[in-house]
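Data file: entry.csv. Format and content: CSV, C-alpha atoms.
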chain,number,residue,atom,x,y,z
A,1,MET,CA,97.3,84.3,25.4
A,2,ARG,CA,95.9,83.5,21.9
A,3,LEU,CA,92.6,85.3,21.7
A,4,LEU,CA,90.0,85.0,18.9
A,5,HIS,CA,87.4,87.7,18.4
A,6,ILE,CA,84.4,87.1,16.1
A,7,THR,CA,82.3,90.0,14.9
A,8,PRO,CA,80.0,90.5,11.9
A,9,THR,CA,81.7,93.7,10.8
A,10,TYR,CA,84.9,95.6,11.6
A,11,LEU,CA,86.9,98.5,10.3
A,12,PRO,CA,86.9,100.1,7.8
A,13,ALA,CA,83.1,99.8,7.9
A,14,THR,CA,81.8,102.6,10.2
A,15,ARG,CA,78.1,102.8,9.4
A,16,TYR,CA,77.2,100.5,12.3
A,17,GLY,CA,78.3,102.8,15.0
A,18,GLY,CA,80.2,102.5,18.3
A,19,PRO,CA,80.5,98.7,18.7
A,20,ILE,CA,83.0,98.5,15.7
A,21,PHE,CA,85.3,101.1,17.3
A,22,SER,CA,84.9,99.5,20.8
A,23,VAL,CA,85.8,96.0,19.5
A,24,HIS,CA,88.9,97.4,17.7
A,25,GLY,CA,89.9,99.5,20.7
A,26,LEU,CA,89.8,96.4,22.9
A,27,CYS,CA,91.6,94.2,20.5
A,28,ARG,CA,94.3,96.8,19.9
A,29,ALA,CA,94.8,97.3,23.7
A,30,LEU,CA,95.0,93.5,24.2
A,31,ALA,CA,97.6,93.2,21.5
A,32,ALA,CA,99.6,96.0,23.1
A,33,ARG,CA,99.7,93.9,26.3
A,34,GLY,CA,101.4,91.1,24.4
A,35,HIS,CA,98.5,88.9,23.5
A,36,ALA,CA,98.1,87.2,20.0
A,37,VAL,CA,94.7,88.7,18.9
A,38,GLU,CA,93.0,87.5,15.8
A,39,VAL,CA,89.7,88.9,14.5
A,40,PHE,CA,87.4,86.9,12.2
A,41,THR,CA,84.8,89.1,10.4
A,42,THR,CA,83.0,89.7,7.2
A,43,SER,CA,83.5,92.5,4.6
A,44,VAL,CA,79.8,93.5,4.7
A,45,ASP,CA,79.4,97.3,4.7
A,46,GLY,CA,75.7,98.0,4.2
A,47,PRO,CA,74.7,97.2,0.6
A,48,THR,CA,78.3,97.1,-0.5
A,49,ASN,CA,81.5,95.4,0.7
A,50,SER,CA,84.6,97.0,2.3
A,51,ALA,CA,87.6,97.1,0.0
A,52,VAL,CA,89.7,94.6,1.9
A,53,PRO,CA,91.6,91.4,1.1
A,54,HIS,CA,89.5,88.2,1.6
A,55,ASP,CA,90.6,84.9,3.2
A,56,GLU,CA,94.1,86.1,4.1
A,57,PRO,CA,95.4,87.9,7.2
A,58,VAL,CA,95.7,91.7,7.4
A,59,MET,CA,97.5,93.5,10.2
A,60,LEU,CA,96.0,96.6,11.8
A,61,ASP,CA,97.4,98.1,15.0
A,62,GLY,CA,99.0,94.8,16.0
A,63,VAL,CA,95.7,92.9,15.4
A,64,LYS,CA,95.5,90.1,12.8
A,65,LEU,CA,92.3,90.5,10.8
A,66,ARG,CA,90.6,88.0,8.5
A,67,TYR,CA,87.8,89.2,6.3
A,68,PHE,CA,85.3,86.8,4.6
A,69,SER,CA,82.8,87.5,2.0
A,70,SER,CA,79.0,87.1,2.3
A,71,SER,CA,77.2,86.8,-1.0
A,72,VAL,CA,73.8,85.5,0.1
A,73,LEU,CA,71.8,85.9,3.4
A,74,ARG,CA,73.8,89.1,3.9
A,75,ARG,CA,71.4,90.3,6.6
A,76,LEU,CA,72.6,87.4,8.7
A,77,TYR,CA,76.3,87.8,7.6
A,78,TRP,CA,76.4,84.3,6.3
A,79,ALA,CA,79.9,83.5,5.2
A,80,PRO,CA,80.7,79.8,4.8
A,81,THR,CA,84.4,80.4,4.3
A,82,LEU,CA,84.5,82.0,7.8
A,83,ALA,CA,83.1,78.8,9.3
A,84,ARG,CA,85.7,76.7,7.6
A,85,ALA,CA,88.5,79.0,8.8
A,86,LEU,CA,87.3,78.8,12.3
A,87,ARG,CA,87.2,75.0,12.1
A,88,ARG,CA,90.8,75.0,10.9
A,89,ASP,CA,92.2,77.8,13.2
A,90,MET,CA,90.3,77.8,16.4
A,91,PRO,CA,92.1,74.8,18.0
A,92,GLY,CA,94.9,76.1,20.2
A,93,ALA,CA,93.1,79.3,21.1
A,94,ASP,CA,93.0,80.2,24.8
A,95,ALA,CA,89.6,82.0,24.6
A,96,VAL,CA,87.1,83.1,22.1
A,97,HIS,CA,85.1,86.4,22.3
A,98,LEU,CA,81.8,86.8,20.3
A,99,HIS,CA,80.6,90.3,19.7
A,100,SER,CA,77.0,90.0,18.5
A,101,VAL,CA,73.6,88.2,18.8
A,102,PHE,CA,71.0,87.3,16.1
A,103,LEU,CA,73.7,86.9,13.5
A,104,TRP,CA,75.2,83.8,11.8
A,105,PRO,CA,78.9,84.4,12.7
A,106,THR,CA,78.0,84.2,16.4
A,107,TRP,CA,76.2,80.9,16.0
A,108,ALA,CA,79.0,79.4,13.8
A,109,ALA,CA,81.8,80.5,16.3
A,110,ALA,CA,79.9,79.3,19.4
A,111,HIS,CA,79.2,76.0,17.7
A,112,GLU,CA,82.9,75.5,16.9
A,113,ALA,CA,84.1,76.6,20.3
A,114,LYS,CA,81.8,74.1,22.0
A,115,ARG,CA,83.0,71.4,19.6
A,116,SER,CA,86.6,72.3,20.3
A,117,GLY,CA,86.2,72.6,24.1
A,118,ILE,CA,87.4,76.2,24.1
A,119,PRO,CA,85.8,78.7,26.5
A,120,TYR,CA,84.0,81.7,25.0
A,121,VAL,CA,82.7,85.0,26.1
A,122,LEU,CA,79.6,86.5,24.4
A,123,SER,CA,78.9,90.2,24.2
A,124,PRO,CA,75.3,91.0,23.1
A,125,ARG,CA,76.3,94.7,22.5
A,126,GLY,CA,72.9,96.0,23.6
A,127,MET,CA,70.7,93.9,21.4
A,128,LEU,CA,69.1,91.8,24.1
A,129,VAL,CA,66.5,94.3,25.3
A,130,HIS,CA,62.8,93.3,25.3
A,131,GLU,CA,61.7,96.7,24.1
A,132,LEU,CA,64.0,96.6,21.1
A,133,ILE,CA,62.9,93.1,20.2
A,134,GLU,CA,59.2,94.1,20.5
A,135,LYS,CA,59.8,97.1,18.2
A,136,ARG,CA,61.5,95.3,15.3
A,137,HIS,CA,61.2,91.8,13.9
A,138,ARG,CA,59.7,90.5,17.1
A,139,ARG,CA,58.6,87.1,15.8
A,140,LEU,CA,61.8,86.4,14.0
A,141,LYS,CA,64.0,87.4,17.0
A,142,THR,CA,61.9,85.5,19.5
A,143,ALA,CA,62.2,82.4,17.4
A,144,TRP,CA,66.0,82.9,17.0
A,145,ILE,CA,66.4,83.2,20.8
A,146,SER,CA,64.4,80.0,21.3
A,147,LEU,CA,66.2,78.0,18.7
A,148,ILE,CA,69.7,79.4,18.7
A,149,GLU,CA,70.6,82.3,21.0
A,150,ARG,CA,69.5,80.8,24.3
A,151,SER,CA,71.9,77.9,23.7
A,152,ASN,CA,74.7,80.2,22.7
A,153,LEU,CA,74.3,82.3,25.8
A,154,GLU,CA,73.8,79.4,28.3
A,155,ALA,CA,76.9,77.6,27.0
A,156,ALA,CA,79.1,80.7,27.2
A,157,SER,CA,81.7,80.7,30.0
A,158,ALA,CA,80.7,84.3,30.6
A,159,VAL,CA,78.4,86.9,29.1
A,160,HIS,CA,79.9,90.3,28.9
A,161,MET,CA,77.8,93.4,29.7
A,162,THR,CA,79.0,97.0,29.4
A,163,SER,CA,76.8,98.5,32.1
A,164,PRO,CA,74.4,97.5,34.9
A,165,ASN,CA,71.5,98.7,32.7
A,166,GLU,CA,72.4,96.1,30.1
A,167,ALA,CA,72.8,93.4,32.7
A,168,GLU,CA,69.4,94.3,34.2
A,169,ALA,CA,67.8,94.1,30.7
A,170,LEU,CA,69.4,90.7,30.1
A,171,ALA,CA,68.1,89.3,33.4
A,172,ARG,CA,64.5,89.8,32.3
A,173,PHE,CA,64.9,86.9,29.7
A,174,GLY,CA,65.5,84.3,32.5
A,175,PHE,CA,68.5,82.7,30.8
A,176,ARG,CA,70.5,80.2,32.9
A,177,LEU,CA,73.9,81.8,32.5
A,178,LYS,CA,77.1,80.6,34.0
A,179,ARG,CA,78.5,84.0,34.7
A,180,ILE,CA,77.8,87.7,33.9
A,181,ALA,CA,80.8,90.0,33.8
A,182,THR,CA,80.2,93.8,33.6
A,183,ILE,CA,83.1,95.6,32.0
A,184,PRO,CA,82.6,99.1,30.4
A,185,ASN,CA,83.9,100.2,27.1
A,186,GLY,CA,87.0,102.3,26.9
A,187,LEU,CA,88.1,105.4,25.0
A,188,ASP,CA,90.6,105.9,22.2
A,189,ASP,CA,93.1,108.7,22.6
A,190,ILE,CA,92.2,111.9,20.7
A,191,VAL,CA,94.8,112.0,18.0
A,192,GLU,CA,93.3,114.7,15.6
A,193,LEU,CA,92.4,118.3,16.2
A,194,PRO,CA,89.8,120.5,14.5
A,195,THR,CA,90.9,122.2,11.4
A,196,ARG,CA,89.6,125.1,9.3
A,197,ASP,CA,89.2,122.8,6.3
A,198,SER,CA,85.9,121.3,7.5
A,199,PRO,CA,82.9,121.2,5.2
A,200,PRO,CA,80.6,124.3,5.3
A,201,ASP,CA,77.9,122.6,7.3
A,202,ILE,CA,80.3,121.7,10.1
A,203,GLN,CA,82.0,125.1,10.0
A,204,ALA,CA,78.5,126.6,10.5
A,205,LEU,CA,78.3,125.0,13.9
A,206,ARG,CA,81.0,127.3,15.2
A,207,GLY,CA,78.8,130.3,15.1
A,208,SER,CA,75.8,128.5,16.7
A,209,GLN,CA,76.4,129.2,20.3
A,210,PRO,CA,75.4,127.9,22.7
A,211,LEU,CA,75.0,124.6,21.0
A,212,VAL,CA,73.4,121.3,22.1
A,213,LEU,CA,74.9,118.3,20.3
A,214,PHE,CA,73.6,114.9,19.5
A,215,PHE,CA,76.3,112.8,17.9
A,216,GLY,CA,75.7,109.2,16.8
A,217,ARG,CA,73.7,107.0,14.5
A,218,LEU,CA,70.4,108.5,13.4
A,219,SER,CA,68.1,105.6,14.5
A,220,TRP,CA,64.6,105.4,16.0
A,221,VAL,CA,66.1,104.0,19.3
A,222,LYS,CA,68.0,107.3,19.9
A,223,GLY,CA,64.7,109.2,20.6
A,224,LEU,CA,65.4,112.0,18.1
A,225,ASP,CA,61.8,112.9,17.5
A,226,ARG,CA,61.4,113.5,21.3
A,227,LEU,CA,64.7,115.5,21.3
A,228,LEU,CA,63.3,117.9,18.8
A,229,ARG,CA,60.0,118.3,20.7
A,230,SER,CA,62.0,118.9,23.9
A,231,PHE,CA,64.3,121.5,22.3
A,232,ALA,CA,61.3,123.3,20.9
A,233,ARG,CA,60.4,124.1,24.6
A,234,THR,CA,63.7,125.8,25.2
A,235,THR,CA,64.2,129.5,24.7
A,236,VAL,CA,68.0,129.8,24.0
A,237,GLY,CA,70.6,128.1,22.0
A,238,ARG,CA,70.7,125.8,18.9
A,239,LEU,CA,70.6,122.1,18.4
A,240,ALA,CA,72.8,119.9,16.1
A,241,ILE,CA,72.1,116.3,15.2
A,242,VAL,CA,75.1,114.7,13.5
A,243,GLY,CA,75.7,111.1,12.4
A,244,THR,CA,75.1,108.4,9.9
A,245,ASP,CA,71.4,108.3,8.9
A,246,PHE,CA,70.9,104.6,9.7
A,247,ASP,CA,67.1,104.7,9.4
A,248,ASN,CA,66.7,107.4,6.7
A,249,LEU,CA,65.3,109.8,9.3
A,250,ALA,CA,66.6,113.0,7.9
A,251,PRO,CA,63.5,114.0,5.9
A,252,ARG,CA,61.2,113.4,8.9
A,253,LEU,CA,63.5,115.3,11.3
A,254,ARG,CA,63.7,118.3,9.0
A,255,ALA,CA,59.9,118.2,8.6
A,256,LEU,CA,59.3,118.0,12.3
A,257,ALA,CA,61.7,120.9,13.0
A,258,THR,CA,59.7,123.0,10.6
A,259,GLU,CA,56.5,121.9,12.1
A,260,LEU,CA,57.8,122.8,15.6
A,261,GLY,CA,59.0,126.2,14.5
A,262,ILE,CA,62.7,125.6,15.3
A,263,ALA,CA,64.1,125.1,11.8
A,264,GLN,CA,66.2,128.2,12.2
A,265,ARG,CA,67.7,126.9,15.4
A,266,PHE,CA,68.4,123.4,14.1
A,267,HIS,CA,71.4,121.9,12.2
A,268,LEU,CA,71.2,118.4,10.7
A,269,ILE,CA,74.3,116.7,9.3
A,270,PRO,CA,73.1,113.2,8.3
A,271,ARG,CA,76.3,111.4,7.4
A,272,THR,CA,79.3,109.7,9.0
A,273,VAL,CA,81.7,112.3,10.5
A,274,LEU,CA,85.2,111.2,11.6
A,275,GLY,CA,88.7,112.5,12.3
A,276,SER,CA,89.3,116.2,12.4
A,277,ASP,CA,85.7,116.9,11.3
A,278,LYS,CA,84.4,115.0,14.3
A,279,GLU,CA,86.6,117.0,16.6
A,280,ALA,CA,85.3,120.2,15.0
A,281,VAL,CA,81.8,119.1,15.8
A,282,PHE,CA,82.6,118.4,19.4
A,283,ALA,CA,84.6,121.6,19.7
A,284,ALA,CA,81.6,123.7,18.6
A,285,ALA,CA,79.3,122.2,21.2
A,286,SER,CA,78.4,123.5,24.7
A,287,VAL,CA,76.3,120.5,25.8
A,288,PHE,CA,76.1,116.9,24.7
A,289,ILE,CA,72.8,115.0,24.8
A,290,LEU,CA,71.8,111.4,24.3
A,291,PRO,CA,68.1,110.8,24.8
A,292,SER,CA,68.0,107.1,23.8
A,293,LEU,CA,65.1,104.9,24.6
A,294,SER,CA,67.6,102.1,25.3
A,295,GLU,CA,71.4,102.2,25.1
A,296,SER,CA,73.6,99.4,26.5
A,297,PHE,CA,76.5,101.8,27.2
A,298,GLY,CA,76.6,105.1,25.2
A,299,ASN,CA,80.1,105.5,23.8
A,300,ALA,CA,79.3,109.0,22.4
A,301,ALA,CA,78.5,110.3,25.9
A,302,LEU,CA,81.8,109.0,27.2
A,303,GLU,CA,83.6,110.7,24.2
A,304,ALA,CA,81.8,114.0,25.1
A,305,MET,CA,83.1,113.7,28.7
A,306,GLN,CA,86.6,113.1,27.3
A,307,ARG,CA,86.3,116.4,25.5
A,308,GLY,CA,85.1,118.3,28.6
A,309,LEU,CA,81.4,118.6,27.6
A,310,PRO,CA,78.6,118.2,30.2
A,311,ALA,CA,76.3,115.4,29.1
A,312,ILE,CA,72.5,115.0,29.4
A,313,VAL,CA,71.3,111.4,29.1
A,314,THR,CA,68.1,109.5,29.8
A,315,ARG,CA,68.0,106.7,32.4
A,316,GLY,CA,67.9,104.1,29.6
A,317,VAL,CA,71.5,105.0,28.7
A,318,GLY,CA,74.0,102.6,30.3
A,319,ILE,CA,76.5,105.3,31.0
A,320,SER,CA,74.1,107.1,33.2
A,321,ASP,CA,75.6,105.8,36.4
A,322,ILE,CA,79.0,106.9,35.3
A,323,ILE,CA,77.7,110.4,34.7
A,324,GLU,CA,76.1,110.6,38.1
A,325,GLU,CA,79.3,109.2,39.8
A,326,ALA,CA,81.5,111.7,37.9
A,327,GLY,CA,79.1,114.7,38.4
A,328,SER,CA,79.6,115.4,34.7
A,329,GLY,CA,76.1,116.0,33.6
A,330,ILE,CA,72.4,115.5,34.2
A,331,VAL,CA,70.5,112.1,34.1
A,332,VAL,CA,66.8,112.6,33.4
A,333,GLU,CA,63.6,110.6,32.9
A,334,ASP,CA,62.8,110.0,29.2
A,335,THR,CA,60.1,112.7,29.0
A,336,VAL,CA,59.9,115.9,26.9
A,337,ASP,CA,59.6,118.1,30.0
A,338,ALA,CA,62.6,116.5,31.7
A,339,LEU,CA,64.8,116.8,28.6
A,340,ALA,CA,63.7,120.4,27.9
A,341,GLY,CA,64.4,121.4,31.5
A,342,ALA,CA,67.9,119.9,31.5
A,343,MET,CA,68.8,121.6,28.3
A,344,GLN,CA,67.5,125.0,29.4
A,345,ARG,CA,69.4,124.8,32.7
A,346,LEU,CA,72.7,124.1,31.1
A,347,LEU,CA,72.3,126.5,28.2
A,348,GLU,CA,71.7,129.3,30.7
A,349,ASN,CA,74.5,128.4,33.0
A,350,PRO,CA,77.9,128.2,31.3
A,351,ASN,CA,79.7,128.1,34.6
A,352,VAL,CA,77.8,124.9,35.6
A,353,CYS,CA,78.7,123.5,32.2
A,354,ARG,CA,82.4,124.2,32.7
A,355,THR,CA,82.4,122.6,36.2
A,356,MET,CA,80.6,119.5,34.9
A,357,GLY,CA,82.8,119.3,31.9
A,358,THR,CA,86.0,119.4,34.0
A,359,SER,CA,84.7,116.7,36.3
A,360,GLY,CA,83.9,114.4,33.4
A,361,LEU,CA,87.2,114.9,31.7
A,362,ARG,CA,89.1,114.1,34.8
A,363,HIS,CA,86.9,111.0,35.6
A,364,VAL,CA,87.3,109.4,32.2
A,365,ALA,CA,91.0,110.1,32.0
A,366,GLU,CA,91.6,108.2,35.2
A,367,ARG,CA,89.3,105.2,34.5
A,368,TYR,CA,88.2,104.7,30.9
A,369,SER,CA,91.2,104.6,28.7
A,370,TRP,CA,91.6,101.3,26.8
A,371,ALA,CA,94.8,100.8,28.8
A,372,ALA,CA,92.7,100.7,31.9
A,373,ILE,CA,89.9,98.6,30.5
A,374,ALA,CA,92.0,95.9,28.7
A,375,PRO,CA,93.4,94.4,31.9
A,376,GLN,CA,89.9,93.9,33.2
A,377,MET,CA,89.0,91.9,30.1
A,378,GLU,CA,92.3,90.1,30.2
A,379,ALA,CA,91.6,89.0,33.8
A,380,LEU,CA,88.2,87.7,32.6
A,381,TYR,CA,89.8,85.6,29.9
A,382,GLN,CA,92.4,84.2,32.3
A,383,SER,CA,89.7,83.2,34.8
A,384,LEU,CA,88.1,81.0,32.2
A,385,GLN,CA,91.1,78.8,32.2
A,386,ARG,CA,90.9,77.9,35.9

Represent the supplied structure as structure tokens.
Amino acid sequence: MRLLHITPTYLPATRYGGPIFSVHGLCRALAARGHAVEVFTTSVDGPTNSAVPHDEPVMLDGVKLRYFSSSVLRRLYWAPTLARALRRDMPGADAVHLHSVFLWPTWAAAHEAKRSGIPYVLSPRGMLVHELIEKRHRRLKTAWISLIERSNLEAASAVHMTSPNEAEALARFGFRLKRIATIPNGLDDIVELPTRDSPPDIQALRGSQPLVLFFGRLSWVKGLDRLLRSFARTTVGRLAIVGTDFDNLAPRLRALATELGIAQRFHLIPRTVLGSDKEAVFAAASVFILPSLSESFGNAALEAMQRGLPAIVTRGVGISDIIEEAGSGIVVEDTVDALAGAMQRLLENPNVCRTMGTSGLRHVAERYSWAAIAPQMEALYQSLQR
């Protein structure tokens, strides 16, 4: 099959978190199964641009990438040359997959797919949640849904959800959708190992045992203020918060840790951490925690399971049902008391941690490799042709 994927950003940009890696993992796995996979994206990387060729194909892991520049309306990823390329190259595609909402490339690709009569799948990637919309840019997003996104969603041959949580949140909007397909994200293989050459702040984690780890974007939706307040109620261990400081939260988190009297038990590494340094961070941890207010899936928790760590997540995290099924951690209500109790329990019980970690590792190895997930998405695309 010839498959076109449209996403606002792609590798090498990493500041936008898990969705970038998930989209590439899926595309790479589909290409490995013999499909012709093409990605149309922009070079936007925060306030700068990725150092990539524009308007010409680049091959990465068997996937053909095309990057287009956005010089104005960058918050919407407006790229007129992308629209022209879609108009020229979309005919002949078997299916189109759109990986965003509230952004111009999704509208442009949906418009062209409808004009060309090509079925498309739309993945909101966790952005269609009432609470998130109410928190930020409510009026703008509500207007966008009414004028643009509702039409995009209702014309889609299928809307792709990564978890039952995300599907439930979408149902609250009352869209008249043709089909909802729930297919989880997959995992990349671990190809790097921790080294002794990590920066000092990462090396310091090795001696901080037992260690509770949060790994991911530092954003308000991750519930990090509440995590610090919860950890302040524990009596053992240390806490590390590691990840790109998406919302410039580092000063506030440091100040709150001091206010709570846990500054000496707290490590903050507010930057993007990849490769062997990422593996060193996970290797230092005893427990992983993801206390998000809302999370369509929770890639980082799945990665923690892959590395044999028990995971504590709130019920708003999409992967919570997988953790319960696997017996690989604790799912709690999103309260300070519940989070504190779960952390205290695991920090005091290394045997329980090992048992949960082993269960999680086995579970994800059997079910959540990209080699296992790609055939499910392939079957979805094929069904659109019937």

Practice problem: Find the spatial neighbours of A:Ile289, counting only C-alpha atoms, within a cut-off of 7 Å - ignore same-chain residues fewer than 6 positions away - and output them as a list in words. | Solution: Val212, Leu213, Phe214, Ala311, Ile312 and Val313 of chain A

Write the residues of the preceding selection, restricted to C-alpha atoms, as an mmCIF file, in the coordinates of the input.
data_model
loop_
_atom_site.group_PDB
_atom_site.id
_atom_site.type_symbol
_atom_site.label_atom_id
_atom_site.label_comp_id
_atom_site.auth_asym_id
_atom_site.auth_seq_id
_atom_site.Cartn_x
_atom_site.Cartn_y
_atom_site.Cartn_z
ATOM 1 C CA VAL A 212 73.400 121.300 22.100
ATOM 2 C CA LEU A 213 74.900 118.300 20.300
ATOM 3 C CA PHE A 214 73.600 114.900 19.500
ATOM 4 C CA ALA A 311 76.300 115.400 29.100
ATOM 5 C CA ILE A 312 72.500 115.000 29.400
ATOM 6 C CA VAL A 313 71.300 111.400 29.100
#

Applying 9 Å and all atoms listed in the file, which residues near stretch 199-204 of chain A remain after dropping the ones on its own chain fewer than 5 positions away? List them as a PDB file with C-alpha atoms, in the coordinates of the input.
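File produced: around-v4.pdb:
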ATOM      1  CA  HIS A 267      71.400 121.900  12.200  1.00  0.00           C
ATOM      2  CA  LEU A 268      71.200 118.400  10.700  1.00  0.00           C
ATOM      3  CA  ILE A 269      74.300 116.700   9.300  1.00  0.00           C
ATOM      4  CA  ASP A 277      85.700 116.900  11.300  1.00  0.00           C
ATOM      5  CA  LYS A 278      84.400 115.000  14.300  1.00  0.00           C
ATOM      6  CA  ALA A 280      85.300 120.200  15.000  1.00  0.00           C
ATOM      7  CA  VAL A 281      81.800 119.100  15.800  1.00  0.00           C
ATOM      8  CA  ALA A 284      81.600 123.700  18.600  1.00  0.00           C
TER       9      ALA A 284
END

Self-check item: Pick from A:Phe282, A:Phe175, A:Phe246, A:Trp104 nearest to A:Glu192, counting only C-alpha atoms
Solution: A:Phe282

Exercise. Go ahead and compute the interatomic distance for atom CA of A:Gly357 and atom CA of A:Gly316, in Å to one decimal.
Key: 21.4 Å

Exercise. Rank nothing, just name the residue among A:Arg115, A:Arg315, A:His99, A:Arg139 nearest to A:Met161, using only C-alpha atoms.
Key: A:His99

Quiz item: What is the distance between atom CA of A:Val44 and atom CA of A:Phe68, in Å to one decimal?
Solution: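 Result for atom CA of A:Val44 versus atom CA of A:Phe68: 8.7 Å, one decimal.
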
Reconstructed stretch 293-315 of chain A, atom set N, CA and C atoms, as a short mmCIF file (atom, residue, chain, number, x, y, z; two decimals), keeping the file's coordinate frame:
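New file selection06.cif:
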data_model
loop_
_atom_site.label_atom_id
_atom_site.label_comp_id
_atom_site.auth_asym_id
_atom_site.auth_seq_id
_atom_site.Cartn_x
_atom_site.Cartn_y
_atom_site.Cartn_z
N LEU A 293 66.06 105.71 23.92
CA LEU A 293 65.10 104.90 24.60
C LEU A 293 65.76 103.71 25.29
N SER A 294 66.82 103.21 24.67
CA SER A 294 67.60 102.10 25.30
C SER A 294 69.01 102.23 24.70
N GLU A 295 70.01 102.08 25.56
CA GLU A 295 71.40 102.20 25.10
C GLU A 295 72.23 101.37 26.10
N SER A 296 72.87 100.31 25.59
CA SER A 296 73.60 99.40 26.50
C SER A 296 74.74 100.14 27.21
N PHE A 297 75.37 101.09 26.54
CA PHE A 297 76.50 101.80 27.20
C PHE A 297 76.33 103.33 26.84
N GLY A 298 76.66 103.72 25.63
CA GLY A 298 76.60 105.10 25.20
C GLY A 298 78.00 105.69 25.01
N ASN A 299 78.73 105.12 24.04
CA ASN A 299 80.10 105.50 23.80
C ASN A 299 80.21 107.03 23.51
N ALA A 300 79.25 107.58 22.77
CA ALA A 300 79.30 109.00 22.40
C ALA A 300 79.32 109.90 23.61
N ALA A 301 78.56 109.53 24.63
CA ALA A 301 78.50 110.30 25.90
C ALA A 301 79.87 110.29 26.57
N LEU A 302 80.52 109.13 26.57
CA LEU A 302 81.80 109.00 27.20
C LEU A 302 82.85 109.87 26.39
N GLU A 303 82.72 109.88 25.06
CA GLU A 303 83.60 110.70 24.20
C GLU A 303 83.36 112.19 24.53
N ALA A 304 82.11 112.57 24.77
CA ALA A 304 81.80 114.00 25.10
C ALA A 304 82.49 114.34 26.42
N MET A 305 82.41 113.47 27.42
CA MET A 305 83.10 113.70 28.70
C MET A 305 84.58 113.86 28.49
N GLN A 306 85.15 113.03 27.63
CA GLN A 306 86.60 113.10 27.30
C GLN A 306 86.98 114.44 26.78
N ARG A 307 86.05 115.11 26.13
CA ARG A 307 86.30 116.40 25.50
C ARG A 307 85.82 117.57 26.37
N GLY A 308 85.47 117.28 27.62
CA GLY A 308 85.10 118.30 28.60
C GLY A 308 83.72 118.90 28.39
N LEU A 309 82.82 118.13 27.77
CA LEU A 309 81.40 118.60 27.60
C LEU A 309 80.55 117.98 28.69
N PRO A 310 79.63 118.76 29.27
CA PRO A 310 78.60 118.20 30.20
C PRO A 310 77.64 117.36 29.32
N ALA A 311 77.13 116.28 29.89
CA ALA A 311 76.30 115.40 29.10
C ALA A 311 74.89 115.26 29.79
N ILE A 312 73.87 115.33 28.97
CA ILE A 312 72.50 115.00 29.40
C ILE A 312 72.13 113.69 28.80
N VAL A 313 71.74 112.73 29.64
CA VAL A 313 71.30 111.40 29.10
C VAL A 313 70.06 110.97 29.86
N THR A 314 69.30 110.12 29.20
CA THR A 314 68.10 109.50 29.80
C THR A 314 68.56 108.30 30.63
N ARG A 315 67.68 107.85 31.53
CA ARG A 315 68.00 106.70 32.40
C ARG A 315 68.20 105.42 31.65
#
